[in-house]
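Source file: data.txt. Holds: compact mmCIF, C-alpha atoms.
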# COMPACT_ATOMS: atom_id res chain seq x y z
CA MET A 1 44.76 -1.62 36.92
CA SER A 2 45.35 0.69 34.00
CA SER A 3 47.23 -1.98 32.05
CA THR A 4 44.36 -4.42 32.54
CA LEU A 5 41.86 -1.88 31.23
CA ALA A 6 44.01 -1.23 28.20
CA LEU A 7 43.70 -4.88 27.22
CA LEU A 8 39.88 -4.79 27.12
CA PRO A 9 38.55 -4.46 23.56
CA GLU A 10 36.64 -1.33 22.67
CA PRO A 11 32.94 -1.94 21.97
CA ALA A 12 32.10 -2.18 18.28
CA PRO A 13 30.42 0.95 16.89
CA LEU A 14 26.69 0.56 16.41
CA ARG A 15 25.62 -0.27 12.88
CA ALA A 16 21.92 -0.79 13.58
CA VAL A 17 19.27 -0.72 16.27
CA SER A 18 16.09 -2.69 16.79
CA VAL A 19 13.03 -0.79 18.00
CA SER A 20 10.19 -2.64 19.72
CA ARG A 21 7.95 -2.68 22.75
CA ASP A 22 9.98 -5.63 24.11
CA VAL A 23 12.72 -7.15 21.99
CA GLN A 24 12.58 -10.37 24.06
CA GLU A 25 9.29 -11.12 22.28
CA PHE A 26 11.27 -11.48 19.05
CA ASP A 27 13.92 -14.06 19.92
CA LEU A 28 14.38 -15.15 16.29
CA LEU A 29 15.09 -11.54 15.35
CA ILE A 30 17.74 -11.34 18.09
CA GLU A 31 19.44 -14.41 16.63
CA ASP A 32 19.41 -12.95 13.10
CA MET A 33 20.70 -9.58 14.26
CA GLU A 34 23.58 -11.23 16.10
CA ALA A 35 24.35 -13.42 13.09
CA GLU A 36 24.49 -10.39 10.77
CA LEU A 37 26.03 -7.77 13.07
CA GLY A 38 27.60 -9.52 16.03
CA GLU A 39 27.68 -7.03 18.89
CA ALA A 40 27.32 -3.98 16.65
CA TRP A 41 23.64 -3.41 17.37
CA GLY A 42 21.41 -2.25 20.19
CA ASP A 43 17.75 -2.36 21.15
CA LEU A 44 15.46 0.54 22.05
CA ASP A 45 11.80 1.00 22.85
CA PHE A 46 9.70 3.49 20.89
CA ALA A 47 10.22 6.46 23.21
CA GLU A 48 13.97 5.85 23.42
CA ALA A 49 14.17 5.53 19.64
CA LEU A 50 12.51 8.90 19.05
CA ALA A 51 15.02 10.55 21.40
CA PHE A 52 18.03 8.69 20.00
CA LEU A 53 17.21 9.46 16.35
CA LYS A 54 17.55 13.17 17.14
CA GLN A 55 21.19 12.71 18.21
CA ASP A 56 24.24 12.92 15.96
CA GLU A 57 25.22 9.32 16.74
CA ALA A 58 22.08 8.07 15.00
CA GLN A 59 23.34 9.27 11.62
CA GLU A 60 26.19 6.75 11.85
CA LEU A 61 23.74 3.84 11.74
CA GLU A 62 23.19 1.76 8.64
CA PHE A 63 19.56 0.80 9.25
CA VAL A 64 16.77 0.44 11.80
CA VAL A 65 14.69 -2.69 12.43
CA LEU A 66 11.18 -2.03 13.67
CA ALA A 67 9.55 -5.07 15.34
CA VAL A 68 5.82 -4.87 16.05
CA ASP A 69 2.97 -7.26 16.86
CA GLN A 70 -0.79 -7.11 17.39
CA GLU A 71 -0.45 -5.38 20.76
CA ASP A 72 1.16 -2.41 19.01
CA GLU A 73 -1.79 -1.68 16.70
CA GLY A 74 -3.11 0.89 19.15
CA HIS A 75 0.11 2.91 18.87
CA LEU A 76 0.53 3.12 15.09
CA LEU A 77 0.96 6.90 15.07
CA ARG A 78 3.92 6.74 17.47
CA ILE A 79 5.46 3.85 15.52
CA ALA A 80 5.02 5.76 12.25
CA ASP A 81 6.78 8.71 13.90
CA VAL A 82 9.79 6.47 14.55
CA ILE A 83 9.88 5.48 10.87
CA ARG A 84 9.66 9.09 9.73
CA ALA A 85 12.35 10.17 12.18
CA ALA A 86 14.67 7.49 10.79
CA LYS A 87 13.92 8.47 7.20
CA ARG A 88 14.57 12.14 7.86
CA ILE A 89 18.20 11.39 8.66
CA GLY A 90 18.62 9.03 5.72
CA LEU A 91 18.32 5.67 7.51
CA LYS A 92 16.67 2.62 6.00
CA VAL A 93 13.93 0.78 7.87
CA ILE A 94 13.06 -2.92 7.92
CA LEU A 95 9.63 -3.70 9.32
CA VAL A 96 9.27 -7.05 11.12
CA ALA A 97 5.58 -7.72 11.87
CA ASP A 98 3.95 -10.49 13.88
CA GLY A 99 0.20 -10.87 13.31
CA LEU A 100 -0.27 -7.26 12.28
CA GLY A 101 -3.53 -6.55 10.43
CA PRO A 102 -3.35 -5.59 6.74
CA MET A 103 -4.53 -2.01 7.34
CA ALA A 104 -1.98 -1.46 10.12
CA LEU A 105 0.77 -2.98 7.99
CA HIS A 106 -0.24 -0.78 5.08
CA GLU A 107 -0.11 2.31 7.30
CA LEU A 108 3.44 1.58 8.44
CA MET A 109 4.66 0.79 4.95
CA ARG A 110 3.14 4.07 3.77
CA ALA A 111 5.01 5.86 6.55
CA GLY A 112 8.22 4.93 4.74
CA ALA A 113 9.45 1.45 5.68
CA ASN A 114 11.86 0.19 3.00
CA ASP A 115 11.29 -3.53 3.41
CA PHE A 116 9.13 -6.03 5.28
CA ALA A 117 9.65 -9.44 6.84
CA PRO A 118 6.96 -11.52 8.60
CA TYR A 119 7.49 -12.95 12.08
CA PRO A 120 8.29 -15.69 12.95
CA LEU A 121 11.08 -15.03 10.50
CA PRO A 122 11.40 -17.66 7.75
CA GLU A 123 14.90 -18.97 7.12
CA ASN A 124 17.12 -16.32 5.48
CA ALA A 125 14.21 -13.83 5.35
CA PHE A 126 16.06 -11.21 7.42
CA SER A 127 19.35 -11.58 5.56
CA GLU A 128 17.54 -11.31 2.22
CA ALA A 129 15.72 -8.16 3.33
CA LEU A 130 19.03 -6.70 4.47
CA ALA A 131 20.63 -7.57 1.14
CA ARG A 132 17.85 -5.78 -0.72
CA LEU A 133 18.38 -2.75 1.48
CA ARG A 134 22.08 -2.66 0.66
CA MET A 135 21.51 -2.86 -3.09
CA PRO A 136 21.70 0.48 -4.92
CA GLY A 137 18.53 1.41 -6.71
CA PRO A 138 15.03 2.63 -5.96
CA ALA A 139 15.46 2.11 -2.21
CA ASP A 140 18.02 4.92 -2.25
CA SER A 141 15.86 7.36 -4.17
CA LEU A 142 14.55 10.60 -2.76
CA ASP A 143 11.03 9.54 -3.70
CA THR A 144 11.19 6.82 -1.05
CA MET A 145 12.25 9.37 1.57
CA ARG A 146 9.56 11.75 0.47
CA HIS A 147 7.07 8.95 1.02
CA ALA A 148 7.85 9.19 4.74
CA GLY A 149 5.71 12.30 4.90
CA GLY A 150 8.14 14.94 6.11
CA ASP A 151 11.07 17.10 5.10
CA VAL A 152 13.85 14.94 3.71
CA ILE A 153 17.34 15.95 4.80
CA ASP A 154 20.39 14.87 2.88
CA PRO A 155 22.79 13.74 5.65
CA LYS A 156 25.79 14.78 3.58
CA SER A 157 24.74 18.30 2.68
CA GLY A 158 22.26 18.94 5.51
CA THR A 159 19.79 20.46 3.04
CA THR A 160 16.39 19.48 1.73
CA PRO A 161 16.89 18.36 -1.87
CA THR A 162 14.54 19.43 -4.63
CA LEU A 163 12.40 16.58 -5.93
CA PRO A 164 11.26 16.21 -9.52
CA ALA A 165 7.71 17.17 -10.35
CA ARG A 166 5.07 14.47 -9.96
CA THR A 167 3.78 12.80 -13.07
CA GLY A 168 0.63 10.72 -13.33
CA GLU A 169 -1.17 8.72 -15.97
CA GLY A 170 -2.80 11.83 -17.22
CA SER A 171 0.32 13.94 -17.31
CA GLY A 172 0.38 16.40 -20.16
CA SER A 173 -3.37 16.92 -20.04
CA ASP A 174 -5.26 17.48 -16.79
CA GLY A 175 -8.44 15.52 -16.33
CA ALA A 176 -11.92 17.01 -16.16
CA VAL A 177 -13.58 17.75 -12.81
CA PHE A 178 -17.34 17.50 -12.33
CA ALA A 179 -18.71 18.44 -8.90
CA VAL A 180 -22.16 17.44 -7.65
CA GLN A 181 -24.07 19.14 -4.82
CA SER A 182 -27.65 18.97 -3.57
CA ALA A 183 -29.69 22.15 -3.37
CA ALA A 184 -31.42 20.58 -0.35
CA GLY A 185 -30.96 17.44 1.71
CA GLY A 186 -32.32 14.31 0.07
CA ASP A 187 -32.27 15.62 -3.49
CA GLY A 188 -30.11 12.67 -4.59
CA ALA A 189 -26.71 14.22 -5.37
CA THR A 190 -24.72 11.21 -4.13
CA THR A 191 -26.86 8.75 -6.11
CA ILE A 192 -26.23 10.80 -9.23
CA ALA A 193 -22.50 11.23 -8.50
CA VAL A 194 -21.72 7.55 -7.95
CA ASN A 195 -23.77 6.37 -10.92
CA LEU A 196 -22.31 8.98 -13.25
CA ALA A 197 -18.84 7.90 -12.14
CA TRP A 198 -19.57 4.21 -12.76
CA ASN A 199 -21.19 4.90 -16.13
CA LEU A 200 -18.23 7.05 -17.18
CA ALA A 201 -15.80 4.31 -16.17
CA ASN A 202 -17.71 1.95 -18.48
CA VAL A 203 -18.74 4.37 -21.21
CA SER A 204 -16.71 2.52 -23.81
CA LYS A 205 -15.54 -1.08 -24.08
CA ARG A 206 -12.18 -0.04 -25.51
CA ASP A 207 -11.59 3.58 -24.61
CA SER A 208 -13.20 4.27 -21.23
CA PRO A 209 -11.54 7.05 -19.24
CA SER A 210 -9.94 6.51 -15.85
CA VAL A 211 -12.37 7.84 -13.24
CA CYS A 212 -12.05 8.77 -9.59
CA VAL A 213 -14.82 9.73 -7.15
CA ILE A 214 -13.83 12.03 -4.27
CA ASP A 215 -16.23 12.23 -1.33
CA LEU A 216 -15.78 15.57 0.40
CA GLY A 217 -18.66 14.98 2.80
CA LEU A 218 -16.31 14.94 5.78
CA GLN A 219 -19.13 14.44 8.24
CA PHE A 220 -21.80 12.29 6.60
CA GLY A 221 -20.38 11.38 3.19
CA SER A 222 -21.77 8.04 2.00
CA VAL A 223 -20.02 7.24 -1.28
CA ALA A 224 -18.23 4.35 0.45
CA THR A 225 -21.60 2.91 1.46
CA TYR A 226 -22.91 3.07 -2.11
CA PHE A 227 -19.96 0.92 -3.27
CA ASP A 228 -19.59 -1.19 -0.10
CA LEU A 229 -16.00 -0.04 0.34
CA PRO A 230 -14.12 0.34 3.66
CA ARG A 231 -13.25 3.82 4.89
CA LYS A 232 -9.48 3.66 5.18
CA PRO A 233 -7.91 5.17 8.31
CA MET A 234 -5.28 6.85 6.15
CA ILE A 235 -7.97 9.14 4.66
CA TYR A 236 -7.79 11.25 7.81
CA GLU A 237 -3.99 11.38 7.62
CA VAL A 238 -4.08 12.46 3.99
CA LEU A 239 -6.63 15.21 4.67
CA SER A 240 -4.69 16.38 7.72
CA ASP A 241 -1.53 16.95 5.68
CA VAL A 242 -2.45 17.31 2.01
CA SER A 243 0.59 19.49 1.34
CA SER A 244 2.99 16.57 1.91
CA MET A 245 0.95 14.04 -0.08
CA ASP A 246 2.43 12.68 -3.27
CA GLU A 247 0.90 10.54 -5.99
CA GLN A 248 1.90 7.30 -4.30
CA ALA A 249 0.22 8.23 -1.01
CA PHE A 250 -2.87 9.45 -2.87
CA ARG A 251 -3.25 6.22 -4.82
CA GLN A 252 -2.78 4.12 -1.68
CA ALA A 253 -5.61 6.01 0.00
CA LEU A 254 -8.03 5.10 -2.81
CA GLY A 255 -10.47 2.24 -2.75
CA VAL A 256 -11.21 0.37 -5.97
CA TYR A 257 -14.63 -0.86 -7.09
CA LYS A 258 -14.67 -3.83 -9.47
CA ASP A 259 -11.23 -2.88 -10.83
CA ARG A 260 -12.81 -0.05 -12.84
CA LEU A 261 -13.47 2.86 -10.50
CA SER A 262 -11.23 4.55 -7.92
CA VAL A 263 -12.85 6.03 -4.80
CA PHE A 264 -11.49 8.51 -2.27
CA THR A 265 -13.97 7.90 0.54
CA ALA A 266 -15.05 10.17 3.37
CA PRO A 267 -13.16 9.64 6.66
CA ALA A 268 -14.27 6.92 9.06
CA ASP A 269 -15.09 9.48 11.76
CA ILE A 270 -17.22 12.62 11.70
CA LEU A 271 -14.82 15.53 11.24
CA PRO A 272 -15.26 19.30 11.21
CA LEU A 273 -15.66 20.78 7.75
CA ASP A 274 -12.84 23.24 8.47
CA LEU A 275 -10.35 20.37 8.84
CA ILE A 276 -9.29 21.27 5.30
CA GLY A 277 -8.96 24.65 3.64
CA PRO A 278 -8.99 25.96 0.08
CA ASP A 279 -5.28 25.22 -0.42
CA ASP A 280 -5.78 21.61 0.71
CA VAL A 281 -8.71 21.12 -1.66
CA ASN A 282 -6.81 22.68 -4.55
CA GLY A 283 -3.87 20.37 -3.87
CA LEU A 284 -6.09 17.28 -3.64
CA LEU A 285 -8.00 18.04 -6.84
CA SER A 286 -4.90 19.08 -8.77
CA LEU A 287 -3.25 15.78 -7.91
CA ALA A 288 -6.38 13.83 -8.79
CA ARG A 289 -6.55 15.57 -12.17
CA THR A 290 -3.02 14.50 -13.01
CA CYS A 291 -3.82 10.87 -12.12
CA PHE A 292 -7.26 10.45 -13.73
CA ASP A 293 -9.09 11.47 -16.88
CA ILE A 294 -12.27 12.38 -14.98
CA VAL A 295 -12.77 13.32 -11.33
CA ILE A 296 -16.26 13.34 -9.81
CA VAL A 297 -16.53 15.31 -6.55
CA ASP A 298 -19.45 14.58 -4.23
CA MET A 299 -19.95 17.76 -2.20
CA PRO A 300 -21.59 18.14 1.20
CA ALA A 301 -25.00 19.83 1.23
CA THR A 302 -23.33 22.83 2.86
CA VAL A 303 -21.36 25.82 1.63
CA THR A 304 -17.91 25.70 3.24
CA ALA A 305 -14.77 27.81 3.27
CA TRP A 306 -13.44 25.63 0.43
CA THR A 307 -16.56 25.39 -1.77
CA ASP A 308 -15.20 28.14 -4.00
CA ALA A 309 -11.97 26.14 -4.43
CA VAL A 310 -13.95 23.19 -5.80
CA PHE A 311 -16.04 25.52 -7.93
CA SER A 312 -12.91 27.10 -9.41
CA GLN A 313 -11.41 23.68 -10.24
CA ALA A 314 -14.63 22.22 -11.65
CA ASP A 315 -15.41 22.25 -15.35
CA LEU A 316 -19.08 21.79 -14.51
CA TYR A 317 -20.69 22.21 -11.09
CA PHE A 318 -23.95 20.30 -10.87
CA VAL A 319 -26.65 21.49 -8.48
CA VAL A 320 -29.24 18.76 -7.99
CA CYS A 321 -32.75 20.05 -7.33
CA GLY A 322 -36.02 18.46 -6.40
CA LEU A 323 -39.38 19.77 -7.56
CA GLU A 324 -40.10 21.61 -4.32
CA VAL A 325 -39.92 25.10 -2.88
CA ARG A 326 -36.91 24.59 -0.61
CA SER A 327 -34.75 23.33 -3.50
CA ALA A 328 -35.82 26.27 -5.65
CA GLN A 329 -35.09 28.78 -2.90
CA ASN A 330 -31.69 27.27 -2.08
CA ALA A 331 -30.71 27.11 -5.75
CA LEU A 332 -31.57 30.79 -6.11
CA ARG A 333 -29.59 31.68 -2.98
CA PHE A 334 -26.61 29.71 -4.28
CA GLN A 335 -26.71 31.63 -7.54
CA LYS A 336 -26.79 34.92 -5.66
CA LEU A 337 -23.80 33.87 -3.56
CA LEU A 338 -21.74 33.04 -6.63
CA LYS A 339 -22.57 36.35 -8.24
CA ALA A 340 -21.71 38.24 -5.04
CA GLU A 341 -18.32 36.48 -4.93
CA GLY A 342 -17.68 37.21 -8.61
CA LEU A 343 -17.58 33.52 -9.56
CA PRO A 344 -18.63 32.46 -13.07
CA THR A 345 -22.19 31.16 -12.92
CA GLU A 346 -21.74 29.69 -16.41
CA LYS A 347 -20.21 26.64 -14.72
CA LEU A 348 -23.47 25.91 -12.91
CA ALA A 349 -25.42 23.01 -14.35
CA PHE A 350 -28.80 22.47 -12.72
CA VAL A 351 -30.21 18.95 -12.66
CA MET A 352 -33.86 18.20 -11.93
CA ASN A 353 -34.16 14.90 -10.07
CA ARG A 354 -37.34 12.85 -9.59
CA ALA A 355 -39.20 14.77 -12.28
CA PRO A 356 -42.93 14.06 -12.62
CA GLY A 357 -44.28 11.44 -14.99
CA LYS A 358 -45.53 12.07 -18.50
CA MET A 359 -49.16 12.16 -17.52
CA ASP A 360 -48.69 14.66 -14.69
CA LEU A 361 -49.70 17.88 -16.45
CA GLY A 362 -49.54 19.85 -13.21
CA GLY A 363 -45.98 18.62 -12.69
CA ARG A 364 -45.06 19.80 -16.18
CA ARG A 365 -46.20 23.29 -15.34
CA ARG A 366 -44.32 23.25 -12.03
CA VAL A 367 -41.06 22.26 -13.75
CA GLU A 368 -41.50 25.05 -16.29
CA LYS A 369 -42.33 27.59 -13.57
CA MET A 370 -39.29 26.59 -11.52
CA ALA A 371 -36.97 27.00 -14.51
CA ASP A 372 -38.47 30.41 -15.27
CA SER A 373 -38.27 31.62 -11.68
CA LEU A 374 -34.59 30.64 -11.44
CA ASP A 375 -33.92 31.99 -14.97
CA ILE A 376 -32.15 28.76 -15.88
CA LYS A 377 -32.29 25.86 -18.29
CA PHE A 378 -31.91 22.46 -16.70
CA TYR A 379 -28.83 20.59 -17.88
CA ALA A 380 -30.71 17.34 -17.34
CA VAL A 381 -34.15 16.27 -16.15
CA LEU A 382 -34.06 12.84 -14.51
CA PRO A 383 -37.26 10.80 -14.15
CA ASP A 384 -38.34 9.38 -10.80
CA GLY A 385 -36.90 5.89 -10.54
CA GLY A 386 -39.24 4.93 -7.71
CA LYS A 387 -38.51 2.67 -4.76
CA GLN A 388 -36.17 0.60 -6.90
CA ILE A 389 -33.53 3.32 -6.62
CA THR A 390 -33.47 3.08 -2.83
CA GLU A 391 -33.46 -0.72 -2.96
CA VAL A 392 -30.47 -0.79 -5.34
CA ASN A 393 -28.60 1.77 -3.26
CA ASP A 394 -29.14 -0.41 -0.19
CA GLN A 395 -27.48 -3.28 -2.05
CA ALA A 396 -24.39 -1.12 -2.68
CA ALA A 397 -24.28 -1.42 -6.47
CA PRO A 398 -24.69 0.99 -9.41
CA LEU A 399 -28.09 1.21 -11.05
CA ASN A 400 -27.04 -0.16 -14.42
CA ILE A 401 -25.83 -3.38 -12.76
CA LEU A 402 -28.97 -4.24 -10.76
CA ALA A 403 -31.60 -2.08 -12.51
CA PRO A 404 -30.40 -1.31 -16.05
CA ARG A 405 -33.97 -0.87 -17.34
CA ASN A 406 -34.92 1.70 -14.74
CA ALA A 407 -35.83 5.01 -16.38
CA MET A 408 -33.41 6.96 -14.19
CA ALA A 409 -30.59 4.49 -14.90
CA LYS A 410 -31.09 4.93 -18.65
CA GLU A 411 -31.06 8.71 -18.38
CA LEU A 412 -27.90 8.69 -16.26
CA GLN A 413 -26.20 6.56 -18.91
CA LYS A 414 -27.06 9.16 -21.54
CA MET A 415 -25.81 11.93 -19.26
CA ALA A 416 -22.53 10.07 -18.71
CA ALA A 417 -22.05 9.68 -22.47
CA GLU A 418 -22.53 13.44 -22.90
CA LEU A 419 -20.08 14.17 -20.08
CA PHE A 420 -17.54 11.90 -21.75
CA GLN A 421 -17.90 13.95 -24.92
CA ALA A 422 -17.54 17.07 -22.78
CA ARG A 423 -14.34 15.66 -21.32
CA GLN A 424 -13.00 15.14 -24.82
CA ALA A 425 -13.82 18.78 -25.55
CA ILE A 426 -12.06 19.88 -22.36
CA SER A 427 -8.89 17.99 -23.29
CA GLY A 428 -9.10 19.73 -26.65
CA GLY A 429 -9.27 23.14 -24.99
CA ALA A 430 -12.95 23.85 -25.60
CA ASP A 431 -15.28 25.56 -23.13
CA ILE A 432 -18.18 23.23 -22.41
CA SER A 433 -19.96 25.40 -19.84
CA GLY A 434 -23.64 25.46 -20.65
CA LYS A 435 -23.17 23.54 -23.89
CA ARG A 436 -25.58 20.64 -24.14
CA GLY A 437 -28.00 19.73 -26.84
CA LYS A 438 -31.63 20.73 -26.44
CA LYS A 439 -33.56 17.99 -24.72
CA SER A 440 -37.28 17.48 -25.06
CA PHE A 441 -39.14 16.52 -21.92
CA LEU A 442 -42.93 16.54 -21.77
CA GLY A 443 -43.02 19.08 -24.55
CA LEU A 444 -40.58 21.44 -22.77
CA LYS A 445 -37.04 22.22 -23.85
CA PHE A 446 -34.26 21.97 -21.30
CA GLY A 447 -30.47 22.09 -21.54
Any chance you could put this one into structure tokens?
Amino acid sequence: MSSTLALLPEPAPLRAVSVSRDVQEFDLLIEDMEAELGEAWGDLDFAEALAFLKQDEAQELEFVVLAVDQEDEGHLLRIADVIRAAKRIGLKVILVADGLGPMALHELMRAGANDFAPYPLPENAFSEALARLRMPGPADSLDTMRHAGGDVIDPKSGTTPTLPARTGEGSGSDGAVFAVQSAAGGDGATTIAVNLAWNLANVSKRDSPSVCVIDLGLQFGSVATYFDLPRKPMIYEVLSDVSSMDEQAFRQALGVYKDRLSVFTAPADILPLDLIGPDDVNGLLSLARTCFDIVIVDMPATVTAWTDAVFSQADLYFVVCGLEVRSAQNALRFQKLLKAEGLPTEKLAFVMNRAPGKMDLGGRRRVEKMADSLDIKFYAVLPDGGKQITEVNDQAAPLNILAPRNAMAKELQKMAAELFQARQAISGGADISGKRGKKSFLGLKFG
């Protein structure tokens, strides 16, 4: 008996594993795995894979193949956990996807998959993906491991290596940050924010700055609606773990409008405002400043635990007011709060929206009285654009595309040009707080 057993060959050591809900659904993958590895591979389901990747034997593997189809889209978080677990121990991951939607595929690639092959597998697709994995180069870099979203452990030293500092397009000179907040609901802060951003992105035919809009209205933010952009599921993931986000993850979370404007939308679901804290906001804005020349932040109409973080990062903090008592009272209360917290009120830039027409003499006096009562000078006074503003917003396009002759659209273009000049001053080290040329409006001087 013992001599017979001695003649049996020892099983080949595992070189790879496939991970799927049911590997029998991927018969072509089974054939390719056997062709490449013979018997030196095994198959696991997702739960088994998470347990196995914590064992020492897993570090002896060469790679992991993750096979998913449409039925797995409801379990993306668990599948992404498998990818991250493999990356933490230095394994490479090939993603084989059958009918997976583009958003789901994007999520799994962002989790750290090294390569991708569609299913049914085209001829030589798996062997080519495997060859790319085995080539030295970017696939072996620590940046790829960092992209997995967790601590990266060098399997040789058992330590977390130090990664080089991130660099963006604007490296060497941080971009300007302009925040916009309503003094009261309905004052038009989002309309102003999105149109300023679009105008800034098109301020010059040859030298327009790169611009990003960040919607921090975690509950009812509507910047995505104004540009007809989808709210990516990964927004929630980014906000939930800002500390581990790098430039690549940040850029993948952005939507793009007409190839000119980048947009970090609000999450798809209504979330508590305390989901993020001051450190998260500082990290998000600092990263955005390294990637873009100008960052526009659309704030919720609420003071949060992280409002002061945005205020500290902002070069100008716009408070949009309407010509009404509640806006005046809230603007005054906001000023008092800043002073009580010892924050520099010089950054505040009040904007009067929907100002009265030229013939409204009573409106002129009300504007003047409001400025006097708040002891301020309005940075800008925007005329009432009428129903056309609402109609254009409903069509999800900037004003200067569908209503370029509207009085408000023209004024916002001028304001964007002045902000662009302010950005140039910021990059040159100048303090632009409160510096804007005197503007005549109905015989009054503002700004």
Quick one: everything within 6 Å of segment 391-400 of chain A, counting only C-alpha atoms, minus sequence neighbours fewer than 5 positions away in the same chain. Send it as JSON, numbers by chain.
{"A": [195, 226, 227, 228, 409]}
Include C-alpha atoms and write out the residues we just selected as a PDB file, in the coordinates of the input.
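Wrote it out as out_31.pdb, contents follow:
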ATOM      1  CA  ASN A 195     -23.770   6.370 -10.920  1.00  0.00           C
ATOM      2  CA  TYR A 226     -22.910   3.070  -2.110  1.00  0.00           C
ATOM      3  CA  PHE A 227     -19.960   0.920  -3.270  1.00  0.00           C
ATOM      4  CA  ASP A 228     -19.590  -1.190  -0.100  1.00  0.00           C
ATOM      5  CA  ALA A 409     -30.590   4.490 -14.900  1.00  0.00           C
TER       6      ALA A 409
END
I'd like the contact shell of segment 67-80 of chain A - 6 Å cut-off, all atoms listed in the file, skipping same-chain residues fewer than 3 positions apart - returned as a PyMOL selection string.
chain A and resi 20+83+96-100+108+111
Quick one: residues within 7 Å of segment 291-298 of chain A, only C-alpha atoms, excluding same-chain residues fewer than 5 positions away - as number ranges by chain?
A: 168-170, 175-181, 190, 193, 197, 209-216
Using only C-alpha atoms and a cutoff of 12 Å, can you tell me which residues are near (14.8, -4.0, 6.4) in the file's coordinates, and write them out as a PyMOL selection string?
chain A and resi 16-18+29+33+62-67+83+91-97+109+112-118+125-135+139
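The residue that comes closest to Arg364 of chain A, out of A:Val281, A:Phe311, A:Leu323, A:Leu239 and on the basis of all atoms listed in the file, is A:Leu323.
Using all atoms listed in the file, the smallest distance between any of A:Ala86, A:Val203, A:Ala35, A:Ala309 and Ala417 of chain A comes from A:Val203.
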Could you pull the residues within 8 Å of Val82 of chain A, counting all atoms listed in the file, minus those fewer than 5 positions along the same chain, as number ranges by chain?
A: 46, 49-50
Mind dumping the selected residues with C-alpha atoms as a PDB file, in the frame of the given file?
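Written output follows (out_6.pdb):
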ATOM      1  CA  PHE A  46       9.700   3.490  20.890  1.00  0.00           C
ATOM      2  CA  ALA A  49      14.170   5.530  19.640  1.00  0.00           C
ATOM      3  CA  LEU A  50      12.510   8.900  19.050  1.00  0.00           C
TER       4      LEU A  50
END
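If you count only C-alpha atoms and ignore residues fewer than 5 places along the chain from Arg326 of chain A, what sits within 9 Å of it is Ala183, Ala184 and Ala331 of chain A.
Between atom CA of Leu287 of chain A and atom CA of Gly188 of chain A there is a distance of 27.2 Å.
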Any idea what the distance is between atom CA of Cys321 of chain A and atom CA of Ile401 of chain A?
25.0 Å
For atom CA of Asp174 of chain A and atom CA of Ala266 of chain A, the interatomic separation in Å (one decimal):
23.6 Å
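Taking only C-alpha atoms into account, Leu254 of chain A lies nearest to A:Met234 out of the set A:Met234, A:Leu271, A:Ala85, A:Ile376.
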